[in-house]
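Enquirer: Contents of input-v8.csv (CSV, N, CA and C atoms):
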chain,number,residue,atom,x,y,z
B,20,MET,N,-116.6,-99.7,-47.8
B,20,MET,CA,-116.5,-99.4,-49.2
B,20,MET,C,-115.1,-99.0,-49.6
B,21,LYS,N,-114.4,-98.3,-48.8
B,21,LYS,CA,-113.1,-97.8,-49.1
B,21,LYS,C,-112.1,-99.0,-49.1
B,22,HIS,N,-112.3,-100.0,-48.2
B,22,HIS,CA,-111.5,-101.2,-48.2
B,22,HIS,C,-111.6,-102.0,-49.5
B,23,TYR,N,-112.9,-102.1,-50.0
B,23,TYR,CA,-113.1,-102.8,-51.2
B,23,TYR,C,-112.4,-102.1,-52.4
B,24,GLN,N,-112.4,-100.8,-52.4
B,24,GLN,CA,-111.7,-100.1,-53.5
B,24,GLN,C,-110.2,-100.3,-53.5
B,25,THR,N,-109.6,-100.3,-52.3
B,25,THR,CA,-108.2,-100.6,-52.1
B,25,THR,C,-107.8,-101.9,-52.7
B,26,TRP,N,-108.6,-103.0,-52.3
B,26,TRP,CA,-108.3,-104.3,-52.8
B,26,TRP,C,-108.5,-104.4,-54.3
B,27,ARG,N,-109.6,-103.8,-54.8
B,27,ARG,CA,-109.8,-103.8,-56.2
B,27,ARG,C,-108.7,-103.1,-57.0
B,28,ASN,N,-108.2,-102.0,-56.5
B,28,ASN,CA,-107.0,-101.3,-57.2
B,28,ASN,C,-105.8,-102.2,-57.1
B,29,LEU,N,-105.6,-102.9,-56.0
B,29,LEU,CA,-104.4,-103.8,-55.9
B,29,LEU,C,-104.5,-105.0,-56.9
B,30,VAL,N,-105.7,-105.5,-57.0
B,30,VAL,CA,-105.9,-106.7,-57.9
B,30,VAL,C,-105.8,-106.2,-59.4
B,31,LEU,N,-106.3,-105.0,-59.7
B,31,LEU,CA,-106.1,-104.5,-61.0
B,31,LEU,C,-104.7,-104.2,-61.4
B,32,ALA,N,-103.9,-103.6,-60.4
B,32,ALA,CA,-102.5,-103.4,-60.6
B,32,ALA,C,-101.7,-104.7,-60.8
B,33,ALA,N,-102.0,-105.7,-60.0
B,33,ALA,CA,-101.3,-107.0,-60.2
B,33,ALA,C,-101.7,-107.6,-61.5
B,34,GLY,N,-102.9,-107.5,-61.9
B,34,GLY,CA,-103.3,-108.0,-63.3
B,34,GLY,C,-102.6,-107.3,-64.4
B,35,ALA,N,-102.5,-106.0,-64.3
B,35,ALA,CA,-101.8,-105.2,-65.3
B,35,ALA,C,-100.4,-105.6,-65.4
B,36,CYS,N,-99.7,-105.9,-64.2
B,36,CYS,CA,-98.3,-106.3,-64.2
B,36,CYS,C,-98.2,-107.6,-65.0
B,37,VAL,N,-99.1,-108.6,-64.7
B,37,VAL,CA,-99.0,-109.9,-65.4
B,37,VAL,C,-99.2,-109.7,-66.9
B,38,VAL,N,-100.1,-108.9,-67.3
B,38,VAL,CA,-100.4,-108.8,-68.7
B,38,VAL,C,-99.2,-108.1,-69.4
B,39,LEU,N,-98.6,-107.0,-68.8
B,39,LEU,CA,-97.5,-106.3,-69.4
B,39,LEU,C,-96.2,-107.1,-69.4
B,40,SER,N,-96.0,-108.0,-68.4
B,40,SER,CA,-94.8,-108.8,-68.4
B,40,SER,C,-94.8,-109.8,-69.5
B,41,SER,N,-95.9,-110.2,-69.9
B,41,SER,CA,-96.0,-111.2,-71.1
B,41,SER,C,-95.7,-110.5,-72.4
B,42,CYS,N,-95.7,-109.2,-72.4
B,42,CYS,CA,-95.4,-108.5,-73.7
B,42,CYS,C,-93.9,-108.1,-73.8
B,43,ILE,N,-93.1,-108.3,-72.8
B,43,ILE,CA,-91.7,-107.9,-72.8
B,43,ILE,C,-90.9,-108.8,-73.7
B,44,TYR,N,-90.1,-108.2,-74.6
B,44,TYR,CA,-89.3,-109.0,-75.5
B,44,TYR,C,-88.0,-109.5,-74.7
B,45,GLN,N,-87.7,-110.7,-74.8
B,45,GLN,CA,-86.6,-111.3,-74.1
B,45,GLN,C,-85.5,-111.5,-75.1
B,46,VAL,N,-84.3,-111.0,-74.8
B,46,VAL,CA,-83.1,-111.1,-75.7
B,46,VAL,C,-82.3,-112.3,-75.2
B,47,ARG,N,-81.9,-113.2,-76.1
B,47,ARG,CA,-81.1,-114.3,-75.7
B,47,ARG,C,-79.6,-113.8,-75.5
B,48,VAL,N,-79.1,-114.1,-74.4
B,48,VAL,CA,-77.8,-113.6,-74.0
B,48,VAL,C,-76.8,-114.8,-74.1
B,49,PHE,N,-75.7,-114.7,-74.9
B,49,PHE,CA,-74.7,-115.7,-74.9
B,49,PHE,C,-73.6,-115.2,-74.1
B,50,GLN,N,-73.1,-116.1,-73.2
B,50,GLN,CA,-72.0,-115.8,-72.3
B,50,GLN,C,-70.8,-116.7,-72.6
B,51,GLY,N,-69.7,-116.2,-72.2
B,51,GLY,CA,-68.5,-117.0,-72.4
B,51,GLY,C,-67.9,-116.8,-73.7
B,52,SER,N,-66.9,-117.7,-74.1
B,52,SER,CA,-66.3,-117.6,-75.4
B,52,SER,C,-66.9,-118.5,-76.4
B,53,ILE,N,-67.2,-118.0,-77.6
B,53,ILE,CA,-67.6,-118.8,-78.7
B,53,ILE,C,-66.4,-119.1,-79.6
B,54,VAL,N,-66.0,-120.3,-79.7
B,54,VAL,CA,-64.8,-120.7,-80.3
B,54,VAL,C,-64.9,-120.9,-81.8
B,55,ASP,N,-64.0,-120.4,-82.6
B,55,ASP,CA,-63.9,-120.6,-84.0
B,55,ASP,C,-63.3,-122.0,-84.2
B,56,PRO,N,-63.8,-122.8,-85.2
B,56,PRO,CA,-63.2,-124.1,-85.5
B,56,PRO,C,-61.7,-124.0,-85.8
B,57,GLY,N,-61.3,-123.0,-86.4
B,57,GLY,CA,-59.8,-122.8,-86.8
B,57,GLY,C,-59.0,-122.7,-85.5
B,58,ASP,N,-59.5,-122.1,-84.5
B,58,ASP,CA,-58.8,-121.9,-83.2
B,58,ASP,C,-58.6,-123.3,-82.5
B,59,MET,N,-59.6,-124.1,-82.7
B,59,MET,CA,-59.6,-125.4,-82.0
B,59,MET,C,-58.4,-126.3,-82.5
B,60,GLU,N,-58.1,-126.1,-83.7
B,60,GLU,CA,-57.0,-126.9,-84.3
B,60,GLU,C,-55.6,-126.5,-83.7
B,61,LYS,N,-55.6,-125.4,-83.0
B,61,LYS,CA,-54.3,-124.9,-82.4
B,61,LYS,C,-54.1,-125.5,-81.0
B,62,VAL,N,-55.1,-126.1,-80.4
B,62,VAL,CA,-55.0,-126.7,-79.1
B,62,VAL,C,-54.3,-128.1,-79.2
B,63,GLU,N,-53.3,-128.3,-78.4
B,63,GLU,CA,-52.5,-129.5,-78.5
B,63,GLU,C,-52.4,-130.1,-77.1
B,64,ILE,N,-52.2,-131.4,-77.0
B,64,ILE,CA,-52.0,-132.1,-75.8
B,64,ILE,C,-50.7,-131.6,-75.2
B,65,GLY,N,-50.7,-131.3,-73.9
B,65,GLY,CA,-49.6,-130.8,-73.2
B,65,GLY,C,-49.5,-129.3,-73.0
B,66,MET,N,-50.4,-128.5,-73.7
B,66,MET,CA,-50.5,-127.1,-73.5
B,66,MET,C,-50.9,-126.7,-72.1
B,67,THR,N,-50.4,-125.6,-71.6
B,67,THR,CA,-50.7,-125.1,-70.3
B,67,THR,C,-52.1,-124.4,-70.3
B,68,ARG,N,-52.7,-124.2,-69.2
B,68,ARG,CA,-53.9,-123.5,-69.1
B,68,ARG,C,-53.8,-122.1,-69.7
B,69,GLU,N,-52.7,-121.4,-69.4
B,69,GLU,CA,-52.5,-120.1,-70.0
B,69,GLU,C,-52.4,-120.1,-71.5
B,70,GLN,N,-51.8,-121.1,-72.1
B,70,GLN,CA,-51.7,-121.2,-73.5
B,70,GLN,C,-53.1,-121.4,-74.1
B,71,VAL,N,-53.9,-122.3,-73.5
B,71,VAL,CA,-55.3,-122.6,-74.0
B,71,VAL,C,-56.1,-121.3,-73.9
B,72,ALA,N,-56.0,-120.6,-72.8
B,72,ALA,CA,-56.7,-119.3,-72.6
B,72,ALA,C,-56.3,-118.3,-73.6
B,73,TYR,N,-55.0,-118.3,-74.0
B,73,TYR,CA,-54.6,-117.3,-75.0
B,73,TYR,C,-55.2,-117.6,-76.4
B,74,VAL,N,-55.3,-118.9,-76.7
B,74,VAL,CA,-55.8,-119.3,-78.0
B,74,VAL,C,-57.3,-119.3,-78.1
B,75,LEU,N,-58.0,-119.8,-77.0
B,75,LEU,CA,-59.5,-119.9,-77.1
B,75,LEU,C,-60.2,-118.8,-76.2
B,76,GLY,N,-59.5,-118.1,-75.4
B,76,GLY,CA,-60.2,-117.2,-74.4
B,76,GLY,C,-60.6,-118.0,-73.2
B,77,THR,N,-61.2,-117.2,-72.3
B,77,THR,CA,-61.6,-117.9,-71.0
B,77,THR,C,-62.7,-118.9,-71.3
B,78,PRO,N,-62.8,-119.9,-70.5
B,78,PRO,CA,-63.8,-121.0,-70.8
B,78,PRO,C,-65.2,-120.5,-70.6
B,79,THR,N,-66.2,-121.1,-71.3
B,79,THR,CA,-67.6,-120.7,-71.1
B,79,THR,C,-68.0,-121.2,-69.8
B,80,VAL,N,-67.5,-122.3,-69.3
B,80,VAL,CA,-67.9,-122.9,-68.0
B,80,VAL,C,-66.6,-123.3,-67.3
B,81,SER,N,-66.4,-122.8,-66.1
B,81,SER,CA,-65.3,-123.2,-65.3
B,81,SER,C,-65.9,-123.6,-64.0
B,82,ASP,N,-66.0,-124.9,-63.8
B,82,ASP,CA,-66.7,-125.5,-62.7
B,82,ASP,C,-65.7,-125.7,-61.5
B,83,PRO,N,-66.0,-125.1,-60.3
B,83,PRO,CA,-65.1,-125.3,-59.2
B,83,PRO,C,-65.0,-126.7,-58.7
B,84,PHE,N,-66.0,-127.5,-59.0
B,84,PHE,CA,-66.0,-128.9,-58.6
B,84,PHE,C,-65.2,-129.8,-59.5
B,85,HIS,N,-64.9,-129.3,-60.7
B,85,HIS,CA,-64.1,-130.0,-61.7
B,85,HIS,C,-63.1,-129.0,-62.2
B,86,ALA,N,-62.1,-128.7,-61.4
B,86,ALA,CA,-61.1,-127.7,-61.7
B,86,ALA,C,-60.2,-128.1,-62.9
B,87,ASP,N,-60.2,-129.4,-63.2
B,87,ASP,CA,-59.3,-129.9,-64.3
B,87,ASP,C,-60.1,-130.0,-65.6
B,88,ARG,N,-61.2,-129.3,-65.7
B,88,ARG,CA,-62.0,-129.3,-66.9
B,88,ARG,C,-62.5,-127.9,-67.3
B,89,TRP,N,-62.3,-127.6,-68.6
B,89,TRP,CA,-62.8,-126.3,-69.1
B,89,TRP,C,-63.8,-126.6,-70.3
B,90,ASP,N,-64.9,-126.0,-70.3
B,90,ASP,CA,-65.9,-126.2,-71.4
B,90,ASP,C,-66.0,-124.9,-72.3
B,91,TYR,N,-66.1,-125.2,-73.6
B,91,TYR,CA,-66.3,-124.1,-74.6
B,91,TYR,C,-67.4,-124.5,-75.5
B,92,VAL,N,-67.9,-123.5,-76.2
B,92,VAL,CA,-68.9,-123.7,-77.2
B,92,VAL,C,-68.2,-123.5,-78.6
B,93,LEU,N,-68.3,-124.5,-79.5
B,93,LEU,CA,-67.7,-124.4,-80.8
B,93,LEU,C,-68.8,-124.1,-81.8
B,94,THR,N,-68.7,-123.1,-82.6
B,94,THR,CA,-69.7,-122.7,-83.6
B,94,THR,C,-69.2,-122.4,-84.9
B,95,ASP,N,-70.0,-122.3,-85.9
B,95,ASP,CA,-69.6,-122.0,-87.3
B,95,ASP,C,-69.3,-120.6,-87.5
B,96,GLY,N,-69.3,-119.8,-86.5
B,96,GLY,CA,-69.0,-118.3,-86.6
B,96,GLY,C,-70.3,-117.5,-86.4
B,97,THR,N,-71.5,-118.1,-86.3
B,97,THR,CA,-72.7,-117.3,-86.1
B,97,THR,C,-73.3,-117.8,-84.8
B,98,LEU,N,-74.1,-117.0,-84.2
B,98,LEU,CA,-74.8,-117.4,-83.0
B,98,LEU,C,-76.0,-118.3,-83.2
B,99,GLU,N,-76.5,-118.3,-84.4
B,99,GLU,CA,-77.6,-119.1,-84.8
B,99,GLU,C,-77.3,-120.5,-85.4
B,100,GLY,N,-76.0,-120.7,-85.7
B,100,GLY,CA,-75.6,-122.0,-86.3
B,100,GLY,C,-75.6,-123.1,-85.4
B,101,GLU,N,-75.2,-124.3,-85.9
B,101,GLU,CA,-75.0,-125.5,-85.1
B,101,GLU,C,-73.8,-125.3,-84.2
B,102,ARG,N,-74.0,-125.8,-83.0
B,102,ARG,CA,-73.0,-125.6,-81.9
B,102,ARG,C,-72.5,-127.0,-81.5
B,103,GLN,N,-71.3,-127.0,-81.0
B,103,GLN,CA,-70.7,-128.2,-80.4
B,103,GLN,C,-70.1,-127.8,-79.1
B,104,LEU,N,-70.1,-128.8,-78.1
B,104,LEU,CA,-69.5,-128.5,-76.8
B,104,LEU,C,-68.1,-129.1,-76.8
B,105,VAL,N,-67.2,-128.3,-76.5
B,105,VAL,CA,-65.8,-128.7,-76.4
B,105,VAL,C,-65.4,-128.8,-74.9
B,106,VAL,N,-64.9,-129.9,-74.5
B,106,VAL,CA,-64.5,-130.1,-73.1
B,106,VAL,C,-63.0,-130.4,-73.2
B,107,ILE,N,-62.2,-129.6,-72.5
B,107,ILE,CA,-60.8,-129.7,-72.4
B,107,ILE,C,-60.4,-130.2,-71.0
B,108,HIS,N,-59.7,-131.3,-70.9
B,108,HIS,CA,-59.3,-131.8,-69.6
B,108,HIS,C,-57.8,-131.5,-69.4
B,109,PHE,N,-57.5,-131.2,-68.1
B,109,PHE,CA,-56.1,-130.9,-67.8
B,109,PHE,C,-55.6,-131.8,-66.8
B,110,SER,N,-54.3,-132.1,-66.8
B,110,SER,CA,-53.6,-132.8,-65.8
B,110,SER,C,-52.4,-132.0,-65.4
B,111,ASP,N,-51.5,-132.5,-64.6
B,111,ASP,CA,-50.3,-131.8,-64.1
B,111,ASP,C,-49.4,-131.4,-65.3
B,112,GLN,N,-49.5,-132.2,-66.4
B,112,GLN,CA,-48.6,-132.0,-67.6
B,112,GLN,C,-49.3,-131.0,-68.6
B,113,GLY,N,-50.5,-130.5,-68.3
B,113,GLY,CA,-51.2,-129.6,-69.3
B,113,GLY,C,-52.4,-130.3,-69.8
B,114,VAL,N,-52.8,-130.0,-71.0
B,114,VAL,CA,-54.0,-130.6,-71.7
B,114,VAL,C,-53.8,-132.1,-71.8
B,115,SER,N,-54.7,-132.8,-71.3
B,115,SER,CA,-54.6,-134.3,-71.3
B,115,SER,C,-55.6,-134.9,-72.3
B,116,ALA,N,-56.7,-134.2,-72.6
B,116,ALA,CA,-57.7,-134.7,-73.6
B,116,ALA,C,-58.6,-133.5,-74.0
B,117,VAL,N,-59.1,-133.7,-75.3
B,117,VAL,CA,-60.0,-132.7,-75.9
B,117,VAL,C,-61.2,-133.5,-76.4
B,118,ASN,N,-62.4,-133.3,-75.9
B,118,ASN,CA,-63.6,-134.0,-76.4
B,118,ASN,C,-64.5,-133.0,-77.0
B,119,ILE,N,-65.1,-133.4,-78.2
B,119,ILE,CA,-66.1,-132.5,-78.8
B,119,ILE,C,-67.4,-133.3,-79.0
B,120,ALA,N,-68.5,-132.7,-78.6
B,120,ALA,CA,-69.8,-133.4,-78.8
B,120,ALA,C,-70.8,-132.4,-79.2
B,121,ALA,N,-71.9,-132.8,-79.7
B,121,ALA,CA,-73.0,-131.9,-80.1
B,121,ALA,C,-73.6,-131.2,-78.9
B,122,ALA,N,-73.8,-129.9,-78.9
B,122,ALA,CA,-74.3,-129.2,-77.8
B,122,ALA,C,-75.8,-129.3,-77.8
B,123,PRO,N,-76.4,-129.3,-76.6
B,123,PRO,CA,-77.9,-129.4,-76.6
B,123,PRO,C,-78.5,-128.1,-77.2
B,124,GLN,N,-79.6,-128.3,-77.9
B,124,GLN,CA,-80.2,-127.2,-78.6
B,124,GLN,C,-81.3,-126.7,-77.7
B,125,ASN,N,-81.4,-125.3,-77.6
B,125,ASN,CA,-82.5,-124.7,-76.8
B,125,ASN,C,-83.7,-124.5,-77.6
Rewrite the structure of this file - the entire thing - as structure tokens.
Expert:
Amino acid sequence: MKHYQTWRNLVLAAGACVVLSSCIYQVRVFQGSIVDPGDMEKVEIGMTREQVAYVLGTPTVSDPFHADRWDYVLTDGTLEGERQLVVIHFSDQGVSAVNIAAAPQN
């Protein structure tokens, strides 16, 4: 009988954890730099990485497999507004291309 009570308590505790975990409010966390459209106009072909980082901040994504590419999120100034993905490509001479595309919506 004691063994049954131990298992019953374990099952009840696990069930309570499942129920309570569904009640937890999850906060959306935005990481990296959210770029203002006015700052994007300051980026020019030939700028160094340091100059881009000074203007836009650190990249949202810095991929070690694509060291010549920095990704940023461009927004209208709010976290809830429409976003665009900015991809800046570098070469030995600095910025070689800037591409802007619609960011995937979550």
Enquirer: Choose the residue, out of B:Trp26, B:Val62, B:Pro56, B:Lys21, that has the smallest atom-to-atom separation from Val92 (chain B); count all atoms listed in the file.
Expert: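 Looking at the shortest contact to Val92 (chain B), the residue is B:Pro56.
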Enquirer: Name the residues in contact with His108 (chain B) at a cut-off of 9 Å, using only C-alpha atoms, excluding same-chain residues fewer than 5 positions from it; report them as a PyMOL selection string.
Expert: chain B and resi 87-90+113-118
Enquirer: Figure out the distance between CA of Val80 (chain B) and CA of Met59 (chain B), please, to one decimal in Å.
Expert: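 About the pair CA of Met59 (chain B) and CA of Val80 (chain B): they are 16.5 Å apart.
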Enquirer: Can you tell me how far atom N of Asp55 (chain B) sits from atom C of Leu93 (chain B), in Å to one decimal?
Expert: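 Separation between atom N of Asp55 (chain B) and atom C of Leu93 (chain B): 6.1 Å.
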Enquirer: Rounded to one decimal in Å, what is the spacing between CA of His22 (chain B) and CA of Gly34 (chain B)?
Expert: 18.5 Å
Enquirer: Restricting the calculation to all atoms listed in the file, which member of B:Ala33, B:Val54, B:Val71, B:Ser81 is positioned closest to Thr94 (chain B)?
Expert: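 Between B:Ala33, B:Val54, B:Val71, B:Ser81, the residue approaching Thr94 (chain B) most closely is B:Val54.
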